[in-house]
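Printed here is query.txt (compact mmCIF, C-alpha atoms):
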# COMPACT_ATOMS: atom_id res chain seq x y z
CA MET A 15 4.97 28.42 5.58
CA ARG A 16 3.66 27.42 2.13
CA ASN A 17 4.65 23.80 2.77
CA THR A 18 2.82 23.80 6.12
CA VAL A 19 -0.33 25.28 4.57
CA ALA A 20 -0.25 22.78 1.70
CA ARG A 21 0.13 19.83 4.10
CA LEU A 22 -2.73 21.14 6.27
CA TRP A 23 -4.90 21.66 3.20
CA LEU A 24 -4.33 18.10 2.03
CA THR A 25 -5.10 16.78 5.51
CA ILE A 26 -8.58 18.29 5.50
CA ALA A 27 -9.22 17.82 1.76
CA PRO A 28 -12.01 15.45 0.70
CA MET A 29 -11.33 11.87 -0.32
CA TYR A 30 -11.29 11.50 -4.07
CA THR A 31 -12.49 8.62 -6.24
CA PRO A 32 -12.32 8.04 -10.01
CA LEU A 33 -14.85 9.94 -12.11
CA ALA A 34 -16.91 8.68 -15.02
CA ALA A 35 -15.01 9.19 -18.26
CA LEU A 36 -15.73 12.44 -20.06
CA ALA A 37 -16.94 11.94 -23.64
CA VAL A 38 -14.61 13.60 -26.16
CA PRO A 39 -14.83 13.62 -29.98
CA TRP A 40 -11.50 11.91 -30.61
CA THR A 41 -9.70 8.66 -29.94
CA MET A 42 -6.71 8.88 -27.60
CA LYS A 43 -3.37 7.80 -28.99
CA PRO A 44 -2.17 4.28 -28.13
CA LEU A 45 0.99 3.50 -26.20
CA ALA A 46 2.58 2.26 -29.43
CA SER A 47 2.43 5.79 -30.90
CA ALA A 48 5.39 6.76 -28.67
CA GLU A 49 8.83 5.39 -27.86
CA THR A 50 9.01 4.39 -24.18
CA SER A 51 11.65 2.95 -21.90
CA VAL A 52 12.11 1.93 -18.26
CA GLU A 53 15.51 2.23 -16.59
CA ARG A 54 16.63 1.25 -13.11
CA LEU A 55 19.29 3.75 -12.02
CA ALA A 56 22.39 2.83 -10.05
CA ASP A 57 20.97 4.47 -6.90
CA GLY A 58 17.81 2.35 -7.05
CA ARG A 59 15.44 4.88 -8.59
CA LEU A 60 13.21 3.99 -11.55
CA ARG A 61 13.01 6.23 -14.61
CA PHE A 62 10.15 6.00 -17.09
CA SER A 63 10.88 7.92 -20.31
CA ILE A 64 8.75 8.82 -23.33
CA ARG A 65 9.46 10.28 -26.76
CA HIS A 66 6.00 11.22 -27.97
CA ASP A 67 4.56 11.29 -31.46
CA VAL A 68 5.04 14.84 -32.79
CA LEU A 69 2.25 17.14 -31.55
CA ARG A 70 0.82 18.53 -34.79
CA GLY A 71 -0.05 22.22 -34.70
CA VAL A 72 1.13 22.65 -31.09
CA THR A 73 3.93 25.12 -30.32
CA PRO A 74 6.08 25.45 -27.19
CA ALA A 75 4.43 28.84 -26.55
CA MET A 76 1.05 27.11 -26.43
CA LEU A 77 2.38 24.60 -23.90
CA VAL A 78 3.74 27.37 -21.64
CA TRP A 79 0.34 29.11 -21.81
CA TRP A 80 -1.45 25.84 -21.03
CA PHE A 81 0.48 25.01 -17.88
CA ASN A 82 -0.35 28.48 -16.54
CA ASN A 83 -4.04 28.22 -17.48
CA ILE A 84 -5.16 24.65 -16.73
CA GLU A 85 -7.74 25.74 -14.18
CA GLY A 86 -11.14 26.78 -15.49
CA ASP A 87 -13.59 25.50 -18.08
CA MET A 88 -13.68 25.30 -21.87
CA ASP A 89 -16.29 24.63 -24.52
CA LEU A 90 -16.39 21.08 -25.86
CA GLY A 91 -19.20 20.28 -28.26
CA GLY A 92 -21.49 22.88 -26.72
CA ARG A 93 -20.73 21.83 -23.13
CA ARG A 94 -18.70 23.72 -20.55
CA VAL A 95 -16.26 21.23 -19.06
CA PRO A 96 -13.12 21.51 -16.90
CA ARG A 97 -10.00 21.97 -19.00
CA TYR A 98 -8.08 19.54 -16.82
CA ARG A 99 -10.60 16.79 -17.51
CA VAL A 100 -10.37 17.38 -21.27
CA TRP A 101 -6.61 16.90 -21.02
CA HIS A 102 -7.27 13.31 -19.89
CA PRO A 103 -11.01 12.53 -19.93
CA ARG A 104 -10.76 9.24 -18.01
CA ASP A 105 -7.96 9.69 -15.48
CA HIS A 106 -8.00 13.35 -14.43
CA VAL A 107 -10.00 14.53 -11.43
CA LEU A 108 -8.55 17.85 -10.19
CA LEU A 109 -5.73 20.33 -10.63
CA GLU A 110 -5.44 23.40 -8.41
CA TYR A 111 -2.80 26.10 -8.18
CA VAL A 112 -2.15 26.32 -4.43
CA GLY A 113 0.96 28.53 -4.41
CA LYS A 114 2.15 31.19 -6.86
CA ALA A 115 5.57 31.08 -8.51
CA ARG A 116 8.25 33.54 -7.45
CA ASP A 117 7.60 35.47 -10.67
CA GLY A 118 3.85 35.62 -9.95
CA ARG A 119 2.77 33.01 -12.49
CA ASN A 120 0.55 30.05 -11.69
CA PHE A 121 3.17 27.63 -12.99
CA GLY A 122 6.77 28.75 -12.65
CA PRO A 123 9.73 28.45 -10.27
CA GLY A 124 8.48 27.81 -6.74
CA ALA A 125 4.80 27.36 -7.66
CA ARG A 126 2.88 24.56 -5.97
CA VAL A 127 0.21 22.56 -7.75
CA HIS A 128 -2.26 20.07 -6.29
CA ILE A 129 -2.87 17.16 -8.69
CA VAL A 130 -5.43 14.35 -8.34
CA GLU A 131 -5.67 11.59 -10.95
CA PHE A 132 -6.18 7.85 -11.23
CA LEU A 133 -3.87 6.16 -13.72
CA GLY A 134 -5.93 3.99 -16.02
CA GLY A 135 -8.97 5.12 -14.04
CA ARG A 136 -8.01 2.59 -11.36
CA LEU A 137 -8.55 3.33 -7.68
CA GLU A 138 -5.35 1.55 -6.67
CA TYR A 139 -3.32 3.84 -8.95
CA LYS A 140 -4.36 7.05 -7.25
CA VAL A 141 -2.09 10.11 -7.46
CA ASP A 142 -2.89 12.89 -4.94
CA ILE A 143 0.11 15.18 -4.55
CA VAL A 144 1.21 18.78 -4.14
CA SER A 145 4.10 19.19 -6.57
CA THR A 146 6.69 22.00 -6.62
CA VAL A 147 7.59 23.54 -9.98
CA GLU A 148 11.28 24.09 -10.68
CA PHE A 149 11.03 25.88 -14.03
CA LEU A 150 8.84 26.38 -17.08
CA ASP A 151 9.78 27.99 -20.38
CA GLU A 152 9.58 27.18 -24.08
CA THR A 153 12.34 24.56 -23.74
CA GLY A 154 10.40 22.49 -21.20
CA LEU A 155 9.64 22.25 -17.50
CA ALA A 156 10.37 20.29 -14.34
CA HIS A 157 8.54 19.66 -11.09
CA SER A 158 9.19 17.40 -8.11
CA ASP A 159 7.39 15.78 -5.19
CA ARG A 160 8.71 15.58 -1.64
CA ILE A 161 7.79 13.82 1.57
CA MET A 162 9.14 15.43 4.75
CA GLY A 163 11.59 17.39 2.60
CA ILE A 164 12.94 14.32 0.78
CA GLU A 165 12.49 14.15 -2.99
CA VAL A 166 10.55 11.02 -3.90
CA ALA A 167 9.69 11.75 -7.53
CA ARG A 168 10.53 14.23 -10.27
CA LEU A 169 9.21 14.90 -13.75
CA ASP A 170 11.30 16.46 -16.52
CA TYR A 171 9.95 17.68 -19.85
CA HIS A 172 11.67 18.85 -23.05
CA PHE A 173 9.97 20.76 -25.89
CA THR A 174 11.59 21.01 -29.33
CA PRO A 175 9.89 22.98 -32.13
CA VAL A 176 9.74 21.11 -35.45
CA ALA A 177 8.18 21.97 -38.80
CA SER A 178 4.82 20.35 -38.02
CA GLY A 179 4.55 21.19 -34.34
CA THR A 180 6.48 20.15 -31.21
CA LEU A 181 8.57 17.13 -30.31
CA TYR A 182 7.67 16.43 -26.67
CA ARG A 183 9.92 14.24 -24.52
CA ASN A 184 9.50 13.64 -20.81
CA SER A 185 10.41 11.34 -17.97
CA LEU A 186 9.21 10.36 -14.51
CA THR A 187 11.94 9.38 -12.03
CA VAL A 188 10.59 7.71 -8.90
CA GLY A 189 12.64 7.38 -5.72
CA SER A 190 15.14 9.48 -3.79
CA PRO A 191 18.55 10.63 -5.09
CA GLY A 192 19.96 10.96 -1.55
CA PRO A 193 21.32 11.45 1.08
CA PRO A 194 22.44 7.81 1.42
CA ALA A 195 20.22 6.81 4.34
CA ALA A 196 17.11 8.35 2.79
CA ARG A 197 18.02 6.93 -0.59
CA PHE A 198 18.28 3.40 0.80
CA LEU A 199 15.04 3.64 2.78
CA VAL A 200 12.94 5.25 0.05
CA ASN A 201 14.26 3.31 -2.94
CA ARG A 202 14.37 -0.09 -1.26
CA PHE A 203 11.20 -0.02 0.85
CA VAL A 204 8.96 3.02 0.29
CA ARG A 205 9.00 3.38 -3.50
CA PRO A 206 7.92 -0.23 -4.25
CA ARG A 207 4.88 0.21 -1.98
CA LEU A 208 3.82 3.73 -3.02
CA PHE A 209 4.67 3.37 -6.70
CA PRO A 210 5.12 -0.28 -7.76
CA ASP A 211 6.58 -1.14 -11.16
CA GLU A 212 3.16 -1.86 -12.68
CA MET A 213 1.96 1.62 -11.68
CA GLY A 214 4.85 2.98 -13.70
CA GLU A 215 3.64 1.05 -16.72
CA ALA A 216 0.18 2.58 -16.18
CA TRP A 217 1.81 6.04 -16.02
CA LEU A 218 3.46 5.49 -19.40
CA ARG A 219 0.12 4.75 -21.04
CA HIS A 220 -1.59 7.61 -19.18
CA ASN A 221 1.04 10.12 -20.27
CA VAL A 222 1.06 9.04 -23.91
CA GLU A 223 -2.72 9.54 -23.95
CA GLU A 224 -2.58 12.83 -22.04
CA VAL A 225 0.12 14.45 -24.15
CA GLY A 226 -1.37 13.12 -27.37
CA ASN A 227 -4.65 14.86 -26.56
CA PHE A 228 -3.01 18.30 -26.83
CA GLU A 229 -3.24 18.46 -30.61
CA TYR A 230 -7.01 17.87 -30.52
CA PHE A 231 -7.91 20.86 -28.33
CA LEU A 232 -4.97 23.11 -27.39
CA PRO A 233 -4.39 25.04 -30.66
CA ALA A 234 -8.02 26.20 -30.79
CA LEU A 235 -8.16 26.95 -27.05
CA TYR A 236 -4.93 28.95 -27.25
CA ARG A 237 -6.19 31.00 -30.20
CA GLN A 238 -9.38 31.81 -28.29
CA SER A 239 -7.29 33.13 -25.39
CA GLN A 240 -5.43 35.68 -27.49
CA PRO A 241 -6.47 39.37 -27.73
CA GLY A 242 -8.71 39.96 -30.71
CA SER A 243 -9.80 36.33 -30.96
CA PRO A 244 -12.86 36.01 -33.25
CA GLY A 245 -14.53 33.61 -30.81
CA THR A 246 -14.97 29.93 -30.24
CA ALA A 247 -13.38 27.50 -32.69
CA ALA A 248 -14.08 23.79 -32.63
CA PRO A 249 -11.31 21.48 -31.41
CA ALA A 250 -9.57 19.59 -34.21
CA ALA A 251 -11.33 16.30 -33.48
CA ALA A 252 -14.74 17.97 -33.67
CA ARG A 253 -13.85 18.87 -37.26
CA GLY A 254 -13.45 15.20 -38.11
CA GLU A 255 -9.73 14.79 -37.40
CA THR A 256 -8.55 11.77 -35.44
CA TRP A 257 -5.48 9.65 -34.69
CA PRO A 258 -3.52 7.60 -36.16
CA SER A 259 -0.02 8.99 -36.13
CA ARG A 260 1.01 11.78 -38.48
CA ARG A 261 4.79 11.91 -38.09

The structure in this file should be written as structure tokens.
Amino acid sequence: MRNTVARLWLTIAPMYTPLAALAVPWTMKPLASAETSVERLADGRLRFSIRHDVLRGVTPAMLVWWFNNIEGDMDLGGRRVPRYRVWHPRDHVLLEYVGKARDGRNFGPGARVHIVEFLGGRLEYKVDIVSTVEFLDETGLAHSDRIMGIEVARLDYHFTPVASGTLYRNSLTVGSPGPPAARFLVNRFVRPRLFPDEMGEAWLRHNVEEVGNFEYFLPALYRQSQPGSPGTAAPAAARGETWPSRR
């Protein structure tokens, strides 16, 4: 039933276009700040992997809180702006929780999330999907995308606490793992048209920027969310902090 409702909702949803970039008081991290790789698997799928620069001051607990609280606004330099847009001020358009997890959370096993973004801000690299969450805890998370019940993409994330913050590793695997007929059709013909290799390269850059932004706003936002919080604290970049890398 949830799948039917989600498909119907997407059918009648408005057409989305890229938004003007949101001004933020920091510079997003460059692709070179992370270790990236592209691998073509034996079954024809493509895997794009990233080992990010350590997220300073960000803990796995903060990340779990974030994924369950992306909807809504936050204060940024005296403006109320959507949290999702702060996460990537150029590429992000919309994130909506459209189905609760089995444990009642917004983002947990069985939850469904509608995501709209334009990689690199480019119209031809539009992502408009309803993704199903497989798990989320302080070790990481996973979610996948399906068309007519066939997996066509999956994202896997791993969080490791370190002395200065969190080591964040993730991957996007595009294509179908099977059965054989679906695997051949999707990986040979559908995947190259829906997600060409160059779109994968745009995703790598997008994700390095997106994840790198966490350290500039998430610690302060998380502290504000906790009981007894003294009030609004400025994001790190508003206090004069900026990239480059601080491994």

- Task: Work out how far apart atom CA of A:Phe149 and atom CA of A:Met42 are and give it in Å to one decimal.
- Result: 28.1 Å

- Restricting the calculation to only C-alpha atoms, which member of A:Val100, A:Val204, A:Arg219, A:His128 is positioned closest to A:Trp40?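 Using only C-alpha atoms, the shortest distance to A:Trp40 belongs to A:Val100.
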
- Query: Could you name the residues that touch A:Pro194 at 12 Å or less, counting all atoms listed in the file, but leaving out those on the same chain fewer than 4 positions away, as a ChimeraX atom specification?
  - Reply: /A:57-58,164,190,198-202

- Task: Write out as a PyMOL selection string the residues lying within 10 Å of A:Lys140, counting only C-alpha atoms and excluding same-chain residues fewer than 2 positions away.
- Result: chain A and resi 30-32+105+130-138+142-143+208-209+213

- Message: With 6 Å as the threshold, what does the neighbourhood of (-3.4, 21.1, -8.4) contain in terms of residues, counting all atoms listed in the file? Coordinates are those of the file; answer as a PyMOL selection string.
- Response: chain A and resi 109-111+127-129

- Could you pull the residues within 12 Å of A:Leu232, counting all atoms listed in the file, minus those fewer than 2 positions along the same chain, as number ranges by chain? A: 69-81, 83-84, 88-90, 97-98, 100-101, 179, 224-230, 234-239, 247-251

- Nearest to A:Glu152 among A:Phe62, A:Tyr171, A:Phe203, A:Tyr139, with distances taken over all atoms listed in the file: which residue is it? A:Tyr171

- Query: What does the distance between atom CA of A:Pro103 and atom CA of A:Ala34 come to in Å, to one decimal place?
  - Reply: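 Distance between the two atoms: 8.6 Å.
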
- Query: Smallest atom-to-atom distance to A:Ala125: which of A:Met162, A:Val95, A:Ala156, A:Val68, using all atoms listed in the file?
  - Reply: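 Of A:Met162, A:Val95, A:Ala156, A:Val68, the one nearest A:Ala125, counting all atoms listed in the file, is A:Ala156.
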
- What does the distance from atom CA of A:Glu148 to atom CA of A:Ser178 come to in Å, to one decimal?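 Taking atom CA of A:Glu148 as the start and atom CA of A:Ser178 as the end point, the length is 28.3 Å.
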
Distance query stretch 184-187 of chain A at most 8 Å, all atoms listed in the file, self and fewer than 3 positions along chain excluded, as an mmCIF file with C-alpha atoms, in the frame of the given file:
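Done, and the output landed in selection-v6.cif:
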data_model
loop_
_atom_site.group_PDB
_atom_site.id
_atom_site.type_symbol
_atom_site.label_atom_id
_atom_site.label_comp_id
_atom_site.auth_asym_id
_atom_site.auth_seq_id
_atom_site.Cartn_x
_atom_site.Cartn_y
_atom_site.Cartn_z
ATOM 1 C CA ARG A 59 15.440 4.880 -8.590
ATOM 2 C CA LEU A 60 13.210 3.990 -11.550
ATOM 3 C CA ARG A 61 13.010 6.230 -14.610
ATOM 4 C CA PHE A 62 10.150 6.000 -17.090
ATOM 5 C CA SER A 63 10.880 7.920 -20.310
ATOM 6 C CA ILE A 64 8.750 8.820 -23.330
ATOM 7 C CA ARG A 65 9.460 10.280 -26.760
ATOM 8 C CA ALA A 167 9.690 11.750 -7.530
ATOM 9 C CA ARG A 168 10.530 14.230 -10.270
ATOM 10 C CA LEU A 169 9.210 14.900 -13.750
ATOM 11 C CA ASP A 170 11.300 16.460 -16.520
ATOM 12 C CA TYR A 171 9.950 17.680 -19.850
ATOM 13 C CA HIS A 172 11.670 18.850 -23.050
#

- Using only C-alpha atoms, determine which residues lie at most 7 Å from A:Leu181, disregarding the query and same-chain residues fewer than 4 positions distant; provide the list as a VMD selection string. chain A and resid 66 68 to 69 173 to 176
